[in-house]
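Student: Have a look at the structure that comes next, please.
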Amino acid sequence: MDTSFSHSEPRQAVAQYVRMSTEHQQYSTENQSLAILQYAQSHNMEIVRTYSDHGKSGLSLSGRSGLRQLLADVQSGEVDFTAVLVYDVSRWGRFQDPDQGASYEYSLKSANIRVHYCAEQFQNDGSLSSALLKTVKRGMAGEYSRELSVKVWAGQRRLIELGFRQGGPAGYGLCRHLIDQNRDFKQVLIPGERKSLQTDRVILVPGQARETEVVRNIYTWFVEGRMSEREIADLLNSRGVIWEPQRCWTRGIVHQILTNQKYIGSNVFNRMSNKLKVKRVRNPRDQWIVKEKAFEALVPIDQFKRAQSIIDARHIHLSDDELLRRLRSLFETNGYLSGFLIDETDGMPSSSQFASRFGSLPRAYTLIGWAPGRDYRYIEINRAIRRQHTEIIATICDQLRHQGAVVSRDERTDLLSINREYSASLVLARCRSTSSGSHRWIVRFDSVLKPDITIAARLTPGNDAVLDYYLLPALAEIGAELRLHEVNPLPLEVYRFNDLDFFSAIARRDRIEDDA
């Protein structure tokens, strides 16, 4: 035992870092904290601060506010402790690059803060043996995630081949059915609901009759009537057919329905991969996992194949020169280019085809002699954010009603009135990158609606998903604008939640039984 921690000396103020994961039960927060507490007592240490991350995989820093806060406090130099207690080496994270975990420990060491591993069989004293063991342990931590990823993927593939749905919304014209281990029906899952039992499974079935009829009409108009996706979208909009609340039909939506194999009952998996938190990649068709006749088909398979033949025939023989000619023509017509504009233009190959053929969309732009002085991707981002806003509002309403709350929604402003007692408004905070590579979010409060609670949803880098939520009450009097960093002060962190379960729970209304 290090003599610098003998009981004859004053108690040393230390901090503890706890990361709970679902890997093993032994890594529960209680067990980790107990081991750290015992270590602190035996070394005459006093724990003055705790940093914790709950339910995180450890593959990246995304969502790990506890570790980010620890690193930020240490870098600021304003800490009231001289050491950090960690359960074991893997608690820093199961990074695929072992040097990433080492860099965090080194940043603490550079600030004269020592790291103690409470469950390891070596002293973290800087010796050659401890350095070697830590390197091995970091490699083992990353290897555990790689092995687990292989097992999870194999399990998902097996369930796909058995005909079960693996996550994601059902899609237009379809709904999700929950079944038990005997394939007996249990209930219909509404958007936002998930299965709760490990033995339960989810399958797709035809949805509402009016939606299934629209899907069949789309195929008939496209195959028999030779209408384009744009013409079909315009026809549906002119007839007032609702796709989703406050969302019109577009060429891209119709195209997605015409190309998705779930409408002929096929269960398709592994079209895209995002393993181990790496960049999402689009897999070639020979790597797709397809289970045919897994669900009840909405359209005949021969009609689906004819639709694919029509779509494939439009672009299969286009040379590089022809692709660039069409791209140049589109630019001359509109004055700018974007992935969304390409996808929504009839007769144009998809933006992914340009990116695949020329390496990226910006390179294709360069080849036609256009170098945008302004990044037009904001147009696509704004459209995507508006879609997310509508989807999240609908999910919130569903969750609140599931709790028994009475919810009314202003169709013009999206202001929610809950139980006729308080109001709430949703604000999506776009992620912005600084020149140093860090991220910032700006939340602007609505001074006209003045909701009682503002739900500020921080978007992930790329602005394609929600990172977390801040439930900001009007009583807090934060001001007209709030700037959020990757790690924020504690007075703001108390308002942060990973999901909206707490928000929906506070609206729950229970019936009080009369004993009389």
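The chains in the structure tokens are called A, B, ... from first to last as shown; in each chain the residues are counted from 1, and the ligands are counted from 1 in the order shown.
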Within 9 Å of Glu391 in chain A, counting only C-alpha atoms, which residues qualify if same-chain residues fewer than 4 places away don't, as a list in words?

Tutor: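 Near neighbours after the sequence-gap exclusion: Glu244, Pro245, Arg386, Arg387, Thr395 and Ile396 of chain A.
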
Student: Give the strand (DSSP E or B) residues of range 371-483 of chain A, as assigned by DSSP on the backbone, as a PyMOL selection string.

Tutor: chain A and resi 407-409+416-418+422-429+431-433+439-444+453-459+466-473+481-483

Student: Work out how far apart CA of Glu224 in chain A and CA of Asp312 in chain A are and give it in Å to one decimal.

Tutor: 16.5 Å

Student: Per DSSP on the backbone, what are the alpha helix (DSSP H) residues of range 13-204 of chain A, as a ChimeraX atom specification?

Tutor: /A:29-42,65-76,98-110,128-161

Student: Do a neighbour search on Phe185 in chain A at 12 Å with only C-alpha atoms, toss out local chain neighbours closer than 5 positions, and write the hits as a list of chain:residue names.

Tutor: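 After dropping sequence-adjacent residues, the list is A:Arg176, A:His177, A:Leu178, A:Ile179, A:Asp180, A:Asp200, A:Arg201, A:Val202, A:Ile203, A:Leu204, A:Val205.
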
Student: List as a compact mmCIF listing (two decimals) with N, CA, C and O atoms, in the first residue's frame the protein and nucleic acid residues near Leu85 in chain A, meaning an atom at most 8 Å away when only C-alpha atoms are counted, but skip any in the same chain fewer than 4 places from it.

Tutor:
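Below is the file that was written, around_9.txt:
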```txt
# COMPACT_ATOMS: atom_id res chain seq x y z
N VAL A 14 -10.88 13.31 -2.57
CA VAL A 14 -10.82 12.70 -3.89
C VAL A 14 -12.21 12.74 -4.53
O VAL A 14 -13.22 12.99 -3.86
N ALA A 15 -12.26 12.49 -5.83
CA ALA A 15 -13.52 12.37 -6.57
C ALA A 15 -13.62 10.94 -7.09
O ALA A 15 -12.62 10.25 -7.27
N GLN A 16 -14.85 10.48 -7.32
CA GLN A 16 -15.06 9.16 -7.90
C GLN A 16 -15.79 9.31 -9.23
O GLN A 16 -16.64 10.17 -9.40
N TYR A 17 -15.39 8.43 -10.18
CA TYR A 17 -16.08 8.40 -11.46
C TYR A 17 -16.71 7.03 -11.61
O TYR A 17 -16.03 6.00 -11.51
N ILE A 36 -15.55 1.33 -4.59
CA ILE A 36 -14.79 2.58 -4.50
C ILE A 36 -14.81 3.12 -3.08
O ILE A 36 -13.78 3.60 -2.57
N VAL A 115 -4.92 8.94 -10.63
CA VAL A 115 -6.02 8.03 -10.87
C VAL A 115 -5.76 6.72 -10.14
O VAL A 115 -4.67 6.14 -10.25
N HIS A 116 -6.75 6.27 -9.37
CA HIS A 116 -6.65 5.00 -8.65
C HIS A 116 -7.71 4.05 -9.20
O HIS A 116 -8.88 4.42 -9.33
N TYR A 117 -7.31 2.83 -9.54
CA TYR A 117 -8.22 1.79 -9.99
C TYR A 117 -8.51 0.86 -8.81
O TYR A 117 -7.62 0.16 -8.33
N CYS A 118 -9.76 0.87 -8.37
CA CYS A 118 -10.11 0.21 -7.11
C CYS A 118 -10.26 -1.30 -7.24
O CYS A 118 -10.14 -2.01 -6.24
```

Student: Identify which of the residues A:Glu486, A:Asp184, A:Glu143, A:Asp125 lies closest to Gly437 in chain A, counting only C-alpha atoms when measuring atom-to-atom distances.

Tutor: A:Glu486

Student: Near range 145-154 of chain A, within 9 Å and counting only C-alpha atoms, which residues show up once chain neighbours fewer than 2 positions away are dropped, as a PyMOL selection string?

Tutor: chain A and resi 57+59+94-96+140-143+156-159+275-276

Student: Compile the contact shell of Phe81 in chain A as a ChimeraX atom specification: residues with an atom at most 12 Å away, counting only C-alpha atoms, same-chain residues fewer than 3 positions apart removed.

Tutor: /A:11-16,45-50,70,73-74,77-78,84-85,108,111-115

Student: Please compute the CA of Thr390 in chain A-CA of Tyr219 in chain A distance, one decimal, in Å.

Tutor: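 If I compute the distance from CA of Thr390 in chain A to CA of Tyr219 in chain A, I get 27.0 Å.
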
Student: For CA of Ala429 in chain A and CA of Val443 in chain A, quote the distance in Å rounded to one decimal.

Tutor: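 Interatomic distance, CA of Ala429 in chain A to CA of Val443 in chain A: 5.6 Å.
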
Student: Can you write out as a Markdown table which residues of range 397-447 of chain A fall within 12 Å of range 491-502 of chain A, alongside each residue's closest atom pair and its distance in Å to one decimal, counting only C-alpha atoms and ordering rows by chain and ascending residue number?

Tutor:
```
| residue | atom | partner | partner_atom | distance |
| --- | --- | --- | --- | --- |
| A:Cys397 | CA | A:Leu500 | CA | 11.1 |
| A:Asp398 | CA | A:Leu500 | CA | 11.6 |
| A:Gln399 | CA | A:Asp501 | CA | 8.2 |
| A:Leu400 | CA | A:Asp501 | CA | 9.4 |
| A:His402 | CA | A:Asp501 | CA | 11.3 |
| A:Gln403 | CA | A:Asp501 | CA | 10.2 |
| A:Leu426 | CA | A:Leu500 | CA | 11.6 |
```

Student: Kindly export the residues of the current selection with C-alpha atoms, as a PDB file, in the first residue's frame.

Tutor:
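For reference, out01.pdb as written:
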```
ATOM      1  CA  CYS A 397     -48.664  13.765 -27.583  1.00  0.00           C
ATOM      2  CA  ASP A 398     -48.807   9.974 -27.838  1.00  0.00           C
ATOM      3  CA  GLN A 399     -46.736   9.517 -24.676  1.00  0.00           C
ATOM      4  CA  LEU A 400     -48.838  12.010 -22.731  1.00  0.00           C
ATOM      5  CA  HIS A 402     -50.697   7.010 -22.942  1.00  0.00           C
ATOM      6  CA  GLN A 403     -50.244   8.328 -19.398  1.00  0.00           C
ATOM      7  CA  LEU A 426     -40.788  22.226 -28.319  1.00  0.00           C
TER       8      LEU A 426
END
```

Student: Near Ala457 in chain A, within 8 Å and counting only C-alpha atoms, which residues show up once chain neighbours fewer than 5 positions away are dropped, as a ChimeraX atom specification?

Tutor: /A:426-429,466-470

Student: Given the selection you just returned, output its residues as a file containing C-alpha atoms, formatted as a short mmCIF file (atom, residue, chain, number, x, y, z; two decimals), in the first residue's frame.

Tutor:
```
data_model
loop_
_atom_site.label_atom_id
_atom_site.label_comp_id
_atom_site.auth_asym_id
_atom_site.auth_seq_id
_atom_site.Cartn_x
_atom_site.Cartn_y
_atom_site.Cartn_z
CA LEU A 426 -40.79 22.23 -28.32
CA VAL A 427 -37.60 23.90 -29.55
CA LEU A 428 -35.01 22.01 -31.58
CA ALA A 429 -31.50 23.34 -30.92
CA VAL A 466 -31.92 14.07 -30.75
CA LEU A 467 -29.01 13.99 -28.29
CA ASP A 468 -30.92 14.89 -25.12
CA TYR A 469 -33.63 17.16 -23.72
CA TYR A 470 -33.67 20.16 -21.38
#
```
